[in-house]
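K.L.:
See structure.txt below, with compact mmCIF, C-alpha atoms.
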# COMPACT_ATOMS: atom_id res chain seq x y z
CA MET E 489 -24.35 -13.10 1.74
CA ILE E 490 -23.47 -11.38 -1.53
CA ARG E 491 -19.99 -11.55 -3.06
CA VAL E 492 -18.82 -8.95 -5.60
CA THR E 493 -15.42 -8.36 -7.17
CA THR E 494 -15.18 -4.64 -7.80
CA GLN E 495 -12.92 -1.64 -8.03
CA VAL E 496 -12.26 0.10 -4.73
CA LEU E 497 -9.70 2.72 -5.82
CA LYS E 498 -8.01 4.11 -8.93
CA VAL E 499 -4.23 4.31 -9.27
CA ASP E 500 -2.74 7.79 -9.80
CA GLU E 501 -6.16 9.47 -9.79
CA LYS E 502 -7.34 12.16 -7.40
CA SER E 503 -9.69 10.88 -4.72
CA PRO E 504 -13.12 12.53 -5.07
CA ILE E 505 -13.33 12.91 -1.29
CA THR E 506 -9.80 13.71 -0.09
CA ASN E 507 -8.48 15.27 -3.33
CA ILE E 508 -5.28 13.27 -2.81
CA VAL E 509 -3.62 11.32 -5.63
CA TYR E 510 -2.58 7.83 -4.51
CA SER E 511 0.52 6.68 -6.39
CA LYS E 512 1.00 3.11 -7.54
CA GLU E 513 4.01 2.71 -5.25
CA ALA E 514 2.11 3.93 -2.18
CA LEU E 515 -0.88 1.76 -3.06
CA GLU E 516 1.29 -1.34 -3.52
CA LYS E 517 2.70 -0.96 -0.01
CA ALA E 518 -0.72 -0.16 1.51
CA ILE E 519 -2.33 -3.14 -0.25
CA GLU E 520 0.44 -5.49 0.91
CA ASN E 521 -0.07 -4.39 4.52
CA TYR E 522 -3.87 -4.54 4.22
CA ASN E 523 -3.79 -8.08 2.83
CA LYS E 524 -1.48 -9.22 5.66
CA GLY E 525 -3.81 -7.81 8.33
CA ASP E 526 -6.74 -9.45 10.06
CA LEU E 527 -9.11 -6.46 10.18
CA LYS E 528 -10.66 -6.35 6.73
CA PHE E 529 -14.13 -5.18 7.66
CA GLY E 530 -16.12 -2.20 6.48
CA GLN E 531 -19.36 -0.67 7.60
CA PHE E 532 -22.43 0.71 5.92
CA ALA E 533 -21.52 4.37 6.30
CA GLU E 534 -23.92 7.10 5.30
CA GLU E 535 -21.42 9.75 6.31
CA ASN E 536 -17.78 9.89 7.36
CA THR E 537 -18.16 8.53 10.88
CA GLU E 538 -15.78 6.75 13.21
CA PHE E 539 -15.61 3.00 12.57
CA ARG E 540 -17.94 1.04 14.85
CA PRO E 541 -17.90 -2.79 14.96
CA SER E 542 -21.69 -2.77 15.38
CA GLU E 543 -21.99 -1.20 11.91
CA VAL E 544 -20.01 -3.91 10.04
CA ALA E 545 -21.61 -4.71 6.69
CA CYS E 546 -18.83 -6.25 4.63
CA LYS E 547 -15.46 -7.90 4.51
CA VAL E 548 -13.03 -7.02 1.71
CA GLU E 549 -10.32 -9.48 0.72
CA ASN E 550 -7.74 -10.06 -2.00
CA LEU E 551 -6.95 -6.43 -2.80
CA LYS E 552 -4.70 -6.11 -5.85
CA ILE E 553 -3.76 -3.70 -8.58
CA ASP E 554 -5.14 -4.59 -11.99
CA GLY E 555 -4.00 -2.02 -14.57
CA ASP E 556 -5.08 1.37 -13.21
CA LYS E 557 -7.55 -0.07 -10.70
CA VAL E 558 -7.37 -1.48 -7.21
CA ILE E 559 -9.88 -4.33 -7.09
CA GLY E 560 -11.00 -6.61 -4.29
CA ASP E 561 -13.55 -9.20 -3.29
CA VAL E 562 -16.35 -7.55 -1.33
CA ILE E 563 -18.37 -9.97 0.76
CA ILE E 564 -21.54 -8.38 2.11
CA VAL E 565 -22.07 -10.33 5.31
CA ASP E 566 -25.27 -11.40 7.03
CA SER E 567 -24.96 -8.84 9.85
CA PRO E 568 -27.86 -6.43 10.49
CA LYS E 569 -26.21 -3.67 8.39
CA GLY E 570 -25.05 -6.21 5.79
CA VAL E 571 -28.60 -7.48 5.34
CA ILE E 572 -29.77 -3.89 4.79
CA CYS E 573 -27.12 -3.49 2.07
CA GLN E 574 -28.14 -6.78 0.46
CA LYS E 575 -31.78 -5.69 0.34
CA LEU E 576 -30.88 -2.29 -1.11
CA ILE E 577 -28.77 -3.89 -3.84
CA LYS E 578 -31.56 -6.33 -4.72
CA LYS E 579 -33.97 -3.36 -4.95
CA GLY E 580 -31.62 -1.69 -7.43
CA GLU E 581 -30.22 0.99 -5.10
CA LYS E 582 -26.82 2.29 -6.08
CA LEU E 583 -24.25 1.36 -3.46
CA ALA E 584 -20.51 1.72 -3.86
CA THR E 585 -17.30 1.00 -2.02
CA ALA E 586 -15.51 3.85 -0.28
CA PRO E 587 -12.06 3.19 1.16
CA ARG E 588 -10.97 4.47 4.55
CA VAL E 589 -7.36 5.54 4.25
CA GLU E 590 -4.75 6.86 6.62
CA VAL E 591 -2.51 9.69 5.41
CA ASP E 592 0.43 11.48 7.00
CA GLU E 593 0.76 15.24 7.57
CA GLU E 594 1.91 15.71 3.95
CA ASN E 595 -1.15 13.81 2.64
CA ASN E 596 0.89 10.77 1.65
CA LEU E 597 -0.94 7.47 1.80
CA VAL E 598 0.08 5.53 4.91
CA GLY E 599 -2.45 2.70 4.79
CA ILE E 600 -5.85 1.38 3.89
CA VAL E 601 -7.82 1.11 7.12
CA GLY E 602 -10.94 -0.48 5.65
CA ILE E 603 -13.43 -0.31 2.83
CA ASP E 604 -16.97 0.80 3.58
CA ILE E 605 -20.20 0.61 1.62
CA ILE E 606 -21.98 3.89 0.92
CA LYS E 607 -25.00 5.19 -0.96
CA ASP E 608 -23.45 7.13 -3.80
CA GLU E 609 -26.04 9.74 -4.69
CA ARG E 610 -23.28 12.24 -5.51
CA LYS E 611 -21.71 9.69 -7.89
CA VAL E 612 -18.22 10.38 -6.55
CA PHE E 613 -17.49 6.65 -6.41
CA GLU E 614 -19.54 5.70 -9.46
CA TYR E 615 -16.79 3.41 -10.77
CA ASN E 616 -16.91 1.45 -7.50
CA THR E 617 -20.58 0.46 -7.81
CA LEU E 618 -21.56 -2.86 -6.27
CA LYS E 619 -23.23 -5.12 -8.80
CA PRO E 620 -23.96 -8.70 -7.73
CA GLU E 621 -22.23 -11.36 -9.78
CA GLU E 622 -24.61 -13.39 -11.87
Starting from the file, lay out its structure as structure tokens.
P.N.:
Amino acid sequence: MIRVTTQVLKVDEKSPITNIVYSKEALEKAIENYNKGDLKFGQFAEENTEFRPSEVACKVENLKIDGDKVIGDVIIVDSPKGVICQKLIKKGEKLATAPRVEVDEENNLVGIVGIDIIKDERKVFEYNTLKPEE
């Protein structure tokens, strides 16, 4: 198991994937609901696929806003996909967090569904890079 505290989103900044700006107010509500929920798992996702429990690689807890960042504790679990992520990180591969969000028809943030781990070759989530704590 690897535990990392890292940024998972930026406040009031356009998402590099959805091109939606998530306001502080919307994020506060989404974070509150996320932290109250029981499903805090993410998968190792190489592309935007439907969530599958068999792909679980991490658990993300304690989301909070810190300045202009949303940070959380990412625990890379000892599942088959989690072990792959752990090995990649130890080899120096660049992995990052990528939130799964739910938006309404006007592209307003409704909720944070989960937070996945991705390879970030395009560097769209560069500020969310997973670096093991020393």
K.L.:
As a count of residues only, please: the residues near stretch 526-535 of chain E (cut-off 7 Å, all atoms listed in the file, same-chain neighbours under 6 positions excluded).
P.N.:
14
K.L.:
Just the number, please: distance in Å from atom CA of E:Asn507 to atom CA of E:Glu520, one decimal.
P.N.:
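Rounded to one decimal, the two atoms are 23.0 Å apart.
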K.L.:
Per residue of stretch 552-597 of chain E within 10 Å of stretch 497-505 of chain E, what are the shortest atom pair and its distance in Å to one decimal, counting all atoms listed in the file, with rows by chain and residue number, as JSON lines?
P.N.:
{"residue": "E:Ile553", "atom": "CA", "partner": "E:Val499", "partner_atom": "CA", "distance": 8.1}
{"residue": "E:Asp554", "atom": "CA", "partner": "E:Val499", "partner_atom": "CA", "distance": 9.4}
{"residue": "E:Gly555", "atom": "CA", "partner": "E:Val499", "partner_atom": "CA", "distance": 8.3}
{"residue": "E:Asp556", "atom": "CA", "partner": "E:Val499", "partner_atom": "CA", "distance": 5.0}
{"residue": "E:Lys557", "atom": "CA", "partner": "E:Lys498", "partner_atom": "CA", "distance": 4.6}
{"residue": "E:Val558", "atom": "CA", "partner": "E:Leu497", "partner_atom": "CA", "distance": 5.0}
{"residue": "E:Ile559", "atom": "CA", "partner": "E:Leu497", "partner_atom": "CA", "distance": 7.2}
{"residue": "E:Gly560", "atom": "CA", "partner": "E:Leu497", "partner_atom": "CA", "distance": 9.5}
{"residue": "E:Thr585", "atom": "CA", "partner": "E:Leu497", "partner_atom": "CA", "distance": 8.7}
{"residue": "E:Ala586", "atom": "CA", "partner": "E:Leu497", "partner_atom": "CA", "distance": 8.1}
{"residue": "E:Pro587", "atom": "CA", "partner": "E:Leu497", "partner_atom": "CA", "distance": 7.4}
K.L.:
Rounded to one decimal, what separation in Å do you get between atom CA of E:Thr617 and atom CA of E:Leu583?
P.N.:
5.8 Å
K.L.:
Measure the distance from atom CA of E:Glu594 to atom CA of E:Leu515 in Å and round it to one decimal.
P.N.:
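Here the two named atoms are 15.9 Å from each other.
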K.L.:
Produce the centre coordinates and the three edge lengths, each in Å to one decimal, of the box along x, y and z that contains all listed atoms of stretch 490-504 of chain E with 3 Å added on each side, as lines of an AutoDock Vina configuration file.
P.N.:
center_x = -13.1
center_y = 0.5
center_z = -5.7
size_x = 26.7
size_y = 30.1
size_z = 14.3
K.L.:
Ranking E:Ile563, E:Val598, E:Leu576, E:Glu609 by minimum distance to E:Ser511 and counting only C-alpha atoms, which one comes first?
P.N.:
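Of E:Ile563, E:Val598, E:Leu576, E:Glu609, the one nearest E:Ser511, counting only C-alpha atoms, is E:Val598.
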